[in-house]
$ cat run_39.cif   # mmCIF, C-alpha atoms and all ligand atoms
data_query
loop_
_atom_site.label_atom_id
_atom_site.label_comp_id
_atom_site.auth_asym_id
_atom_site.auth_seq_id
_atom_site.Cartn_x
_atom_site.Cartn_y
_atom_site.Cartn_z
CA MET A 1 -51.57 33.21 -23.98
CA ASP A 2 -55.09 34.47 -23.25
CA ILE A 3 -57.70 34.66 -25.98
CA THR A 4 -58.17 38.28 -27.09
CA ALA A 5 -61.64 39.87 -27.26
CA GLU A 6 -61.50 39.81 -31.07
CA GLN A 7 -60.51 36.14 -31.10
CA PHE A 8 -63.22 35.27 -28.60
CA ALA A 9 -65.83 36.95 -30.78
CA MET A 10 -64.69 34.73 -33.69
CA ILE A 11 -64.66 31.58 -31.56
CA ARG A 12 -68.13 32.28 -30.15
CA LYS A 13 -69.45 32.92 -33.63
CA GLN A 14 -68.14 29.63 -35.01
CA PHE A 15 -69.30 27.74 -31.92
CA GLU A 16 -72.92 28.88 -32.55
CA THR A 17 -73.13 26.60 -35.60
CA LEU A 18 -70.09 24.28 -35.31
CA LYS A 19 -71.98 21.18 -34.19
CA ASP A 20 -74.62 21.65 -36.91
CA ARG A 21 -71.99 22.00 -39.64
CA SER A 22 -69.50 19.41 -38.46
CA PRO A 23 -70.54 15.80 -37.73
CA PHE A 24 -67.00 15.30 -36.42
CA TYR A 25 -67.32 17.97 -33.72
CA ALA A 26 -70.99 17.12 -33.08
CA LYS A 27 -69.69 13.74 -31.95
CA LYS A 28 -66.55 14.96 -30.22
CA PHE A 29 -68.37 17.67 -28.26
CA ALA A 30 -71.61 15.65 -27.78
CA ASP A 31 -71.65 16.26 -24.03
CA ILE A 32 -70.52 19.88 -24.18
CA ASP A 33 -72.73 22.94 -24.57
CA LEU A 34 -70.47 25.26 -26.55
CA THR A 35 -72.48 28.33 -25.49
CA ASP A 36 -71.05 27.72 -22.00
CA ILE A 37 -67.55 28.62 -23.19
CA LYS A 38 -67.16 32.19 -21.95
CA THR A 39 -63.56 32.52 -20.75
CA THR A 40 -60.07 31.35 -21.69
CA GLU A 41 -60.28 28.91 -18.75
CA ASP A 42 -63.54 27.43 -20.10
CA PHE A 43 -61.92 27.07 -23.50
CA ARG A 44 -58.95 25.21 -22.02
CA LYS A 45 -61.30 22.54 -20.70
CA LEU A 46 -62.31 21.52 -24.22
CA PRO A 47 -60.74 18.23 -25.32
CA PHE A 48 -57.82 18.37 -27.76
CA THR A 49 -58.11 17.30 -31.38
CA ASP A 50 -55.23 15.03 -32.40
CA LYS A 51 -53.94 13.78 -35.71
CA GLY A 52 -55.31 10.34 -34.83
CA ASP A 53 -58.86 11.82 -34.75
CA LEU A 54 -58.33 13.17 -38.25
CA ARG A 55 -57.03 9.84 -39.48
CA GLU A 56 -60.14 8.12 -38.20
CA ALA A 57 -62.24 10.65 -40.11
CA TYR A 58 -60.58 9.57 -43.42
CA PRO A 59 -61.44 10.42 -46.14
CA LEU A 60 -63.74 13.43 -45.68
CA GLY A 61 -65.26 12.96 -42.25
CA ILE A 62 -63.66 16.17 -40.99
CA ALA A 63 -65.58 18.33 -43.54
CA ALA A 64 -67.83 20.99 -42.01
CA VAL A 65 -69.37 22.09 -45.31
CA PRO A 66 -71.50 20.31 -47.97
CA PRO A 67 -69.37 18.57 -50.64
CA GLU A 68 -70.20 21.17 -53.32
CA LYS A 69 -68.48 23.86 -51.24
CA ILE A 70 -65.16 21.97 -51.25
CA VAL A 71 -62.85 23.27 -54.00
CA ARG A 72 -59.67 21.39 -53.12
CA ILE A 73 -58.18 18.87 -50.75
CA HIS A 74 -54.68 18.49 -49.37
CA SER A 75 -53.23 15.57 -47.54
CA SER A 76 -50.50 15.30 -44.97
CA SER A 77 -47.84 12.70 -45.54
CA GLY A 78 -48.96 9.66 -43.62
CA THR A 79 -45.75 8.04 -42.43
CA THR A 80 -47.87 5.53 -40.55
CA GLY A 81 -50.91 4.10 -42.32
CA THR A 82 -53.92 6.20 -43.23
CA PRO A 83 -53.19 9.76 -44.35
CA VAL A 84 -55.13 12.80 -43.21
CA ILE A 85 -57.24 14.67 -45.76
CA ILE A 86 -58.13 18.31 -45.24
CA PRO A 87 -60.88 19.87 -47.41
CA TYR A 88 -60.68 23.58 -48.37
CA THR A 89 -63.45 25.95 -49.46
CA GLN A 90 -62.74 28.88 -51.78
CA LYS A 91 -62.58 31.17 -48.75
CA ASP A 92 -59.99 28.85 -47.13
CA VAL A 93 -57.83 28.93 -50.26
CA ASP A 94 -58.14 32.74 -50.45
CA ASP A 95 -57.40 33.15 -46.74
CA TRP A 96 -54.31 30.99 -47.08
CA ALA A 97 -53.07 33.19 -49.96
CA ILE A 98 -53.71 36.32 -47.88
CA GLN A 99 -51.71 34.90 -44.97
CA PHE A 100 -48.88 33.74 -47.23
CA ALA A 101 -48.67 37.13 -48.97
CA ARG A 102 -48.48 38.71 -45.52
CA CYS A 103 -45.55 36.39 -44.72
CA TYR A 104 -43.71 37.58 -47.82
CA GLU A 105 -44.41 41.21 -46.87
CA TYR A 106 -43.02 40.69 -43.38
CA ALA A 107 -39.89 39.23 -44.99
CA GLY A 108 -39.58 42.39 -47.10
CA LEU A 109 -40.54 40.94 -50.51
CA THR A 110 -42.04 43.22 -53.16
CA PRO A 111 -43.61 42.67 -56.62
CA GLU A 112 -40.09 43.12 -58.02
CA ASP A 113 -38.98 39.83 -56.49
CA ARG A 114 -38.52 36.57 -58.38
CA VAL A 115 -39.42 33.71 -56.11
CA HIS A 116 -37.72 30.35 -56.70
CA ILE A 117 -40.04 27.72 -55.21
CA THR A 118 -38.44 24.32 -54.53
CA PRO A 119 -40.91 22.65 -52.11
CA GLY A 120 -43.00 19.93 -53.77
CA TYR A 121 -46.35 20.36 -55.48
CA GLY A 122 -49.23 17.93 -55.24
CA LEU A 123 -51.19 16.50 -52.36
CA TRP A 124 -49.18 18.21 -49.71
CA THR A 125 -49.49 21.90 -49.10
CA ALA A 126 -45.99 23.24 -49.56
CA GLY A 127 -45.29 24.34 -53.16
CA ILE A 128 -48.73 25.61 -54.02
CA GLY A 129 -48.91 27.72 -50.85
CA PHE A 130 -45.61 29.43 -51.68
CA GLN A 131 -46.97 30.08 -55.17
CA LEU A 132 -50.41 31.38 -54.13
CA GLY A 133 -48.85 33.88 -51.74
CA CYS A 134 -46.34 34.99 -54.35
CA GLU A 135 -49.02 35.65 -56.96
CA ARG A 136 -51.19 37.42 -54.39
CA LEU A 137 -48.25 39.70 -53.56
CA GLY A 138 -47.63 40.30 -57.26
CA ALA A 139 -44.10 38.85 -57.34
CA MET A 140 -42.93 36.41 -60.03
CA ALA A 141 -43.32 32.75 -59.04
CA ILE A 142 -40.80 30.29 -60.46
CA PRO A 143 -42.51 26.98 -59.62
CA MET A 144 -39.54 24.57 -59.70
CA GLY A 145 -40.56 21.92 -57.24
CA PRO A 146 -37.82 19.77 -55.71
CA GLY A 147 -34.90 17.95 -57.31
CA ASN A 148 -32.82 18.28 -60.50
CA THR A 149 -30.13 20.47 -59.03
CA ASP A 150 -28.61 21.29 -62.44
CA LYS A 151 -31.86 22.75 -63.67
CA GLN A 152 -32.45 24.58 -60.39
CA LEU A 153 -29.12 26.37 -60.64
CA GLN A 154 -29.54 27.10 -64.35
CA MET A 155 -32.97 28.68 -63.87
CA MET A 156 -31.73 30.54 -60.81
CA GLN A 157 -29.04 32.18 -62.94
CA ASP A 158 -31.08 32.69 -66.14
CA LEU A 159 -34.12 34.17 -64.41
CA GLY A 160 -32.22 36.01 -61.69
CA SER A 161 -34.14 34.47 -58.78
CA THR A 162 -34.00 36.83 -55.79
CA VAL A 163 -35.77 34.66 -53.21
CA LEU A 164 -35.23 30.96 -52.50
CA CYS A 165 -38.04 28.98 -50.85
CA ALA A 166 -36.81 25.60 -49.60
CA THR A 167 -36.46 23.20 -46.73
CA SER A 168 -33.30 23.84 -44.74
CA SER A 169 -31.63 20.64 -45.98
CA TYR A 170 -32.32 21.47 -49.63
CA ALA A 171 -31.16 25.06 -49.16
CA LEU A 172 -27.91 23.70 -47.72
CA LEU A 173 -27.51 21.27 -50.62
CA LEU A 174 -28.00 24.11 -53.13
CA ALA A 175 -25.62 26.36 -51.20
CA GLU A 176 -22.94 23.67 -51.28
CA GLU A 177 -23.43 23.11 -55.02
CA ILE A 178 -23.19 26.84 -55.75
CA GLU A 179 -19.95 26.96 -53.78
CA LYS A 180 -18.59 23.83 -55.47
CA ARG A 181 -19.33 25.12 -58.97
CA GLY A 182 -17.97 28.58 -58.19
CA ILE A 183 -21.07 30.34 -59.52
CA ARG A 184 -21.93 32.46 -56.53
CA ASP A 185 -21.33 35.73 -58.38
CA LYS A 186 -23.95 34.68 -60.94
CA ILE A 187 -26.60 34.11 -58.25
CA LYS A 188 -28.83 37.07 -57.34
CA LEU A 189 -30.54 35.61 -54.25
CA ARG A 190 -31.09 38.11 -51.43
CA LYS A 191 -33.52 36.25 -49.19
CA GLY A 192 -34.26 32.67 -48.23
CA ILE A 193 -37.62 31.51 -46.89
CA ILE A 194 -37.16 28.24 -45.13
CA GLY A 195 -40.05 26.13 -44.02
CA SER A 196 -41.29 22.99 -42.42
CA GLU A 197 -38.31 21.82 -40.45
CA ARG A 198 -36.60 22.47 -37.18
CA TRP A 199 -33.03 23.49 -37.81
CA GLY A 200 -30.03 24.57 -35.83
CA GLU A 201 -28.33 27.93 -35.61
CA LYS A 202 -25.12 26.60 -37.12
CA MET A 203 -26.92 25.32 -40.22
CA ARG A 204 -28.75 28.65 -40.47
CA ARG A 205 -25.46 30.55 -40.42
CA ARG A 206 -23.91 28.27 -43.04
CA ILE A 207 -26.83 28.67 -45.43
CA ALA A 208 -26.96 32.44 -44.86
CA ASN A 209 -23.21 32.82 -45.38
CA GLU A 210 -22.80 30.49 -48.33
CA LEU A 211 -25.82 31.86 -50.21
CA GLY A 212 -25.29 35.41 -48.99
CA VAL A 213 -28.96 35.78 -48.04
CA GLU A 214 -31.17 36.90 -45.16
CA LEU A 215 -33.13 33.92 -43.86
CA TYR A 216 -36.75 33.78 -42.72
CA ASP A 217 -38.55 30.92 -40.99
CA ILE A 218 -42.08 30.25 -42.14
CA TYR A 219 -44.44 28.20 -39.99
CA GLY A 220 -47.47 26.09 -40.77
CA LEU A 221 -48.84 22.59 -41.17
CA THR A 222 -51.17 20.92 -43.63
CA GLU A 223 -53.93 20.48 -41.06
CA ILE A 224 -54.04 24.29 -40.54
CA TYR A 225 -53.91 25.73 -44.11
CA GLY A 226 -50.26 24.75 -44.70
CA PRO A 227 -47.08 26.81 -44.40
CA GLY A 228 -47.84 30.53 -44.10
CA ILE A 229 -49.65 30.99 -40.79
CA GLY A 230 -46.65 32.88 -39.44
CA ILE A 231 -43.11 34.05 -40.17
CA ASN A 232 -40.39 36.03 -38.46
CA CYS A 233 -40.19 39.73 -39.29
CA GLN A 234 -37.18 41.79 -40.30
CA ALA A 235 -36.63 42.89 -36.69
CA ASP A 236 -36.17 39.53 -34.99
CA SER A 237 -35.91 35.76 -35.37
CA ALA A 238 -39.14 34.93 -33.50
CA MET A 239 -42.13 34.14 -35.73
CA HIS A 240 -45.32 36.22 -35.64
CA ILE A 241 -48.39 33.97 -35.83
CA TRP A 242 -51.46 35.51 -37.52
CA SER A 243 -53.87 36.10 -34.64
CA ASP A 244 -56.82 36.82 -36.95
CA TYR A 245 -56.64 33.27 -38.34
CA VAL A 246 -55.38 31.10 -35.46
CA TYR A 247 -55.41 31.14 -31.70
CA ILE A 248 -52.22 29.67 -30.30
CA GLU A 249 -51.69 27.87 -26.98
CA ILE A 250 -48.55 26.25 -25.57
CA VAL A 251 -49.17 23.21 -23.37
CA ASP A 252 -47.12 20.69 -21.45
CA PRO A 253 -47.04 17.68 -23.84
CA ALA A 254 -47.27 15.24 -20.94
CA THR A 255 -50.15 16.78 -18.95
CA GLY A 256 -51.92 18.95 -21.55
CA GLU A 257 -51.93 21.88 -19.10
CA SER A 258 -51.08 25.36 -20.36
CA VAL A 259 -47.56 26.50 -19.58
CA PRO A 260 -46.73 30.14 -18.70
CA ASP A 261 -45.71 32.43 -21.60
CA GLY A 262 -41.99 32.01 -22.25
CA GLU A 263 -41.83 28.31 -21.35
CA VAL A 264 -41.31 25.60 -23.95
CA GLY A 265 -44.19 23.23 -24.68
CA GLU A 266 -46.35 21.82 -27.46
CA ILE A 267 -48.06 24.22 -29.88
CA VAL A 268 -51.85 23.80 -29.92
CA LEU A 269 -53.80 25.69 -32.58
CA THR A 270 -57.45 26.67 -33.04
CA THR A 271 -58.62 27.98 -36.40
CA LEU A 272 -60.74 31.11 -36.25
CA GLN A 273 -62.03 31.40 -39.83
CA LYS A 274 -61.57 28.04 -41.49
CA GLU A 275 -64.71 26.67 -43.19
CA GLY A 276 -63.78 23.35 -44.81
CA ALA A 277 -62.13 21.80 -41.77
CA PRO A 278 -62.23 23.98 -38.67
CA LEU A 279 -59.98 22.60 -35.95
CA ILE A 280 -60.39 23.25 -32.26
CA ARG A 281 -57.35 22.82 -29.98
CA PHE A 282 -55.35 20.83 -32.53
CA ARG A 283 -52.17 19.29 -31.13
CA THR A 284 -49.33 20.00 -33.56
CA HIS A 285 -46.65 17.98 -31.70
CA ASP A 286 -44.30 20.88 -32.51
CA LEU A 287 -42.35 22.31 -29.60
CA SER A 288 -41.83 26.03 -29.12
CA ARG A 289 -42.56 28.84 -26.70
CA ILE A 290 -44.36 32.17 -26.73
CA VAL A 291 -41.77 34.95 -26.91
CA PRO A 292 -43.01 37.47 -24.34
CA GLY A 293 -42.71 41.22 -24.77
CA GLU A 294 -43.09 43.54 -27.70
CA CYS A 295 -41.43 43.20 -31.09
CA SER A 296 -39.63 46.26 -32.36
CA CYS A 297 -41.41 45.91 -35.72
CA GLY A 298 -44.55 47.11 -33.92
CA HIS A 299 -46.84 44.29 -35.08
CA ASN A 300 -47.81 43.28 -31.56
CA GLU A 301 -51.29 42.20 -32.62
CA HIS A 302 -49.62 38.99 -33.82
CA PRO A 303 -47.99 37.06 -30.94
CA ARG A 304 -44.57 35.53 -31.48
CA ILE A 305 -43.17 32.05 -31.04
CA ASP A 306 -39.59 30.87 -31.15
CA ILE A 307 -38.16 28.81 -33.97
CA ILE A 308 -39.52 25.27 -33.62
CA THR A 309 -37.23 23.46 -31.19
CA GLY A 310 -38.38 19.93 -31.94
CA ARG A 311 -41.27 17.49 -32.12
CA THR A 312 -42.85 15.95 -29.06
CA ASP A 313 -42.39 12.55 -30.75
CA ASP A 314 -38.67 13.19 -31.43
CA MET A 315 -37.95 13.09 -27.75
CA VAL A 316 -35.70 10.14 -26.94
CA LYS A 317 -34.82 8.74 -23.56
CA VAL A 318 -31.37 7.22 -23.00
CA HIS A 319 -30.17 6.20 -19.53
CA GLY A 320 -33.25 7.89 -18.11
CA VAL A 321 -32.33 11.22 -19.69
CA ASN A 322 -34.89 12.94 -21.98
CA MET A 323 -33.40 14.75 -24.93
CA PHE A 324 -34.64 16.69 -27.96
CA PRO A 325 -32.80 17.22 -31.27
CA ALA A 326 -32.60 20.96 -30.49
CA GLN A 327 -30.46 20.25 -27.44
CA ILE A 328 -28.12 18.08 -29.50
CA GLU A 329 -27.83 20.87 -32.05
CA GLU A 330 -26.93 23.25 -29.28
CA VAL A 331 -24.08 20.94 -28.25
CA ILE A 332 -22.82 20.85 -31.85
CA GLN A 333 -23.03 24.62 -32.01
CA PHE A 334 -20.92 25.00 -28.87
CA THR A 335 -18.26 22.60 -30.09
CA ASP A 336 -15.43 24.36 -31.85
CA GLY A 337 -14.48 22.38 -34.98
CA ALA A 338 -17.83 20.59 -35.42
CA SER A 339 -19.83 21.45 -38.54
CA SER A 340 -23.64 21.63 -38.59
CA GLU A 341 -24.45 18.17 -39.95
CA TYR A 342 -24.90 15.32 -37.49
CA GLN A 343 -26.56 11.96 -36.98
CA VAL A 344 -27.39 10.10 -33.80
CA MET A 345 -27.57 6.31 -33.47
CA ILE A 346 -29.04 4.82 -30.35
CA ASP A 347 -28.37 1.13 -29.87
CA HIS A 348 -28.72 -1.51 -27.24
CA MET A 349 -25.53 -3.50 -26.96
CA MET A 350 -24.44 -5.97 -24.33
CA GLY A 351 -27.24 -5.08 -21.96
CA LYS A 352 -26.70 -1.36 -22.18
CA ASP A 353 -27.96 1.60 -24.22
CA THR A 354 -25.39 3.56 -26.19
CA LEU A 355 -25.70 6.84 -28.03
CA THR A 356 -23.29 7.50 -30.88
CA LEU A 357 -23.17 11.00 -32.26
CA PHE A 358 -21.63 11.32 -35.74
CA PHE A 359 -20.72 14.86 -36.77
CA GLU A 360 -18.92 16.39 -39.71
CA THR A 361 -15.57 18.09 -39.15
CA GLU A 362 -12.73 19.41 -41.28
CA ARG A 363 -10.18 18.24 -38.74
CA THR A 364 -8.27 14.96 -38.96
CA GLY A 365 -6.05 12.76 -36.79
CA GLU A 366 -5.30 14.02 -33.28
CA GLU A 367 -7.10 17.30 -33.97
CA LYS A 368 -10.26 15.34 -34.75
CA GLU A 369 -9.91 13.33 -31.54
CA LYS A 370 -9.73 16.56 -29.57
CA VAL A 371 -13.00 17.76 -31.11
CA GLU A 372 -14.59 14.39 -30.30
CA GLN A 373 -13.52 14.60 -26.65
CA GLU A 374 -14.67 18.18 -26.37
CA LEU A 375 -18.06 17.36 -27.90
CA ALA A 376 -18.59 14.47 -25.47
CA LEU A 377 -17.78 16.75 -22.52
CA ILE A 378 -20.17 19.49 -23.66
CA PHE A 379 -22.87 16.85 -24.30
CA LYS A 380 -22.43 15.50 -20.78
CA ALA A 381 -22.56 18.99 -19.27
CA LYS A 382 -25.64 20.14 -21.19
CA ILE A 383 -27.70 16.96 -21.52
CA GLY A 384 -26.50 14.80 -18.67
CA MET A 385 -25.04 11.68 -20.28
CA THR A 386 -21.86 10.80 -22.15
CA PRO A 387 -22.18 9.91 -25.85
CA ILE A 388 -19.68 8.20 -28.14
CA ALA A 389 -18.64 11.12 -30.36
CA LYS A 390 -17.31 10.29 -33.83
CA GLY A 391 -16.08 12.91 -36.28
CA VAL A 392 -16.46 12.20 -40.02
CA ALA A 393 -15.35 14.18 -43.09
CA ILE A 394 -17.51 17.01 -44.47
CA GLY A 395 -20.08 15.62 -46.91
CA GLU A 396 -20.09 12.08 -45.48
CA LEU A 397 -23.45 12.31 -43.74
CA PRO A 398 -26.52 12.10 -45.99
CA ARG A 399 -28.24 15.24 -47.31
CA SER A 400 -31.80 14.86 -48.48
CA LEU A 401 -34.44 16.81 -50.34
CA LYS A 402 -37.07 16.21 -47.73
CA LYS A 403 -36.89 16.35 -44.00
CA THR A 404 -33.64 14.85 -42.85
CA GLN A 405 -33.96 12.24 -40.16
CA ARG A 406 -31.07 12.67 -37.75
CA ILE A 407 -31.92 10.45 -34.83
CA PHE A 408 -32.12 6.70 -35.34
CA ASP A 409 -33.30 4.68 -32.39
CA ASN A 410 -32.32 1.06 -33.10
CA ARG A 411 -33.27 -0.30 -29.70
CA TYR A 412 -36.74 -1.60 -30.56
ZN ZN A 501 -41.79 41.71 -35.43
#
$ encode --input "run_39.cif" --output "structure tokens"
Amino acid sequence: MDITAEQFAMIRKQFETLKDRSPFYAKKFADIDLTDIKTTEDFRKLPFTDKGDLREAYPLGIAAVPPEKIVRIHSSSGTTGTPVIIPYTQKDVDDWAIQFARCYEYAGLTPEDRVHITPGYGLWTAGIGFQLGCERLGAMAIPMGPGNTDKQLQMMQDLGSTVLCATSSYALLLAEEIEKRGIRDKIKLRKGIIGSERWGEKMRRRIANELGVELYDIYGLTEIYGPGIGINCQADSAMHIWSDYVYIEIVDPATGESVPDGEVGEIVLTTLQKEGAPLIRFRTHDLSRIVPGECSCGHNEHPRIDIITGRTDDMVKVHGVNMFPAQIEEVIQFTDGASSEYQVMIDHMMGKDTLTLFFETERTGEEKEKVEQELALIFKAKIGMTPIAKGVAIGELPRSLKKTQRIFDNRY
């Protein structure tokens, strides 16, 4: 995706002073004269910024403003060691709210809506972003945070929540509880805004059907504002990414080279307006592709990407075959009788790697065995190796409030 003239004007403007404002980029770009960057090709020669760089800058080394300009920090969950801290100026906080309110508008929300917010509040960016955008739009925020399912369902009924904001796994958990308690006719939800996680089509359909809602995917990451830098519109499932705030590239995760529009690769983002922590060519490790062509909603100023298909670090190699969770989900989706929940165990036993795929199914006995055989055949055809497929009863695999880990590599 080429940089537009408007985006280039914003990039050139921030490059004029970037090295003066940011000790981090002064060091990173020490040997580069940023006034030389005149074309998309020039821009693509700039080195990437990776999460590791941000970790090294802990706590506030990434700041590009004096400390008195910082009004808030957020932090991304550090699963390994030092977390990453991102400072925000007032403009950054306001810009995030503007983008988030735009997301809600694209999803068709109005000030009449009552927005039930279940993502967590605190150091990470989720809950507060959903709330800021909601208030900016003028809708009613119901700031639940995660957990306490009884209270969630009570408030949902008493306040008449019309929009549910959640991770896909928590939305599924709530949908199942609503079904179990037989209270669906007391629930007024009409839309679900689901963030922060890659999820399969089958799970999407289950949540949509069980809750009776239209679903929207919201995109974002703590390093770049948080959730809210893009969402799908009412016309299509691809997500528009706000081109006045970020420039998006898709690169081959192995070589770092740009891939043609339409091909899957790693999302790389450059902020165009961020003051507290501007990021240039930040590697997200999320996999997606630019969706070419025009969207029938008419908002073609904001390019579109597909639903996130995986993480570059989720890729596993078994018997020399690379696979991503999205491919495994596709197999599940094609298998008649398999439900959306699954778990993969990769082990090394007796000198050989094995991949066991557990999936939930309503079938039992011989019927279950048939589904297992069918799933193994589809897996072999689509991915190129034969797994051990094991069907388990619905509800046996773990559901969680946060991101659900589905692939467990026990080989190392
Ligand atoms: Zn659209």
$ closest_residue --input "run_39.cif" --among "A:Glu366, A:Asp261, A:Asp306, A:Glu6" --to "ligand ZN 501 (chain A)" --atoms "all atoms listed in the file"
A:Asp306
$ residues_near_ligand --input "run_39.cif" --ligand "ligand ZN 501 (chain A)" --cutoff "10 Å" --atoms "all atoms listed in the file" --output "list of chain:residue names"
A:Tyr106, A:Ile231, A:Asn232, A:Cys233, A:Gln234, A:Ala235, A:Asp236, A:Ser237, A:Ala238, A:Met239, A:His240, A:Glu294, A:Cys295, A:Ser296, A:Cys297, A:Gly298, A:His299, A:Asn300, A:Glu301, A:His302, A:Pro303, A:Arg304
$ closest_atom_pairs --input "run_39.cif" --of "range 321-407 of chain A" --to "range 201-206 of chain A" --cutoff "10 Å" --atoms "all atoms listed in the file" --output "tab-separated table"
residue	atom	partner	partner_atom	distance
A:Ala326	CA	A:Glu201	CA	9.6
A:Glu329	CA	A:Glu201	CA	7.9
A:Glu330	CA	A:Glu201	CA	8.0
A:Ile332	CA	A:Lys202	CA	8.1
A:Gln333	CA	A:Lys202	CA	5.9
A:Phe334	CA	A:Lys202	CA	9.4
A:Ala338	CA	A:Lys202	CA	9.6
A:Ser339	CA	A:Lys202	CA	7.5
A:Ser340	CA	A:Met203	CA	5.2
A:Glu341	CA	A:Met203	CA	7.6
$ atom_distance --input "run_39.cif" --atom1 "CA of Gly320 in chain A" --atom2 "CA of Gly337 in chain A"
29.1 Å
$ atom_distance --input "run_39.cif" --atom1 "CA of Thr89 in chain A" --atom2 "CA of Tyr219 in chain A"
21.4 Å
$ closest_residue --input "run_39.cif" --among "A:Ala254, A:Val163, A:Leu377, A:Ile383" --to "Lys317 in chain A" --atoms "all atoms listed in the file"
A:Ile383
$ closest_residue --input "run_39.cif" --among "A:Thr271, A:Ser288, A:Thr39, A:Asn410" --to "Met349 in chain A" --atoms "all atoms listed in the file"
A:Asn410
$ atom_distance --input "run_39.cif" --atom1 "CA of Ile267 in chain A" --atom2 "CA of Leu279 in chain A"
13.5 Å
$ residues_near_point --input "run_39.cif" --point "(-59.3, 30.9, -26.3)" --cutoff "8 Å" --atoms "only C-alpha atoms" --output "list in words"
Asp2, Ile3, Thr4, Gln7, Phe8, Ile11, Thr39, Thr40, Glu41, Phe43, Arg44 and Tyr247 of chain A
$ closest_residue --input "run_39.cif" --among "A:Glu374, A:Asp31, A:Glu68, A:Glu275" --to "Val331 in chain A" --atoms "all atoms listed in the file"
A:Glu374
$ closest_residue --input "run_39.cif" --among "A:Leu375, A:Val93, A:Val246, A:Met385" --to "His319 in chain A" --atoms "all atoms listed in the file"
A:Met385
$ residues_around --input "run_39.cif" --residues "Glu112 in chain A" --least-positions-apart "4" --cutoff "10 Å" --atoms "all atoms listed in the file" --output "list in words"
Leu137, Gly138, Ala139, Met140 and Thr162 of chain A
$ residues_around --input "run_39.cif" --residues "Phe24 in chain A" --least-positions-apart "3" --cutoff "12 Å" --atoms "all atoms listed in the file" --output "list in words"
Leu18, Lys19, Asp20, Arg21, Lys27, Lys28, Phe29, Ala30, Thr49, Asp53, Leu54, Arg55, Glu56, Ala57, Tyr58, Leu60, Gly61, Ile62, Ala63, Ala64, Val65, Ala277, Pro278, Leu279 and Ile280 of chain A
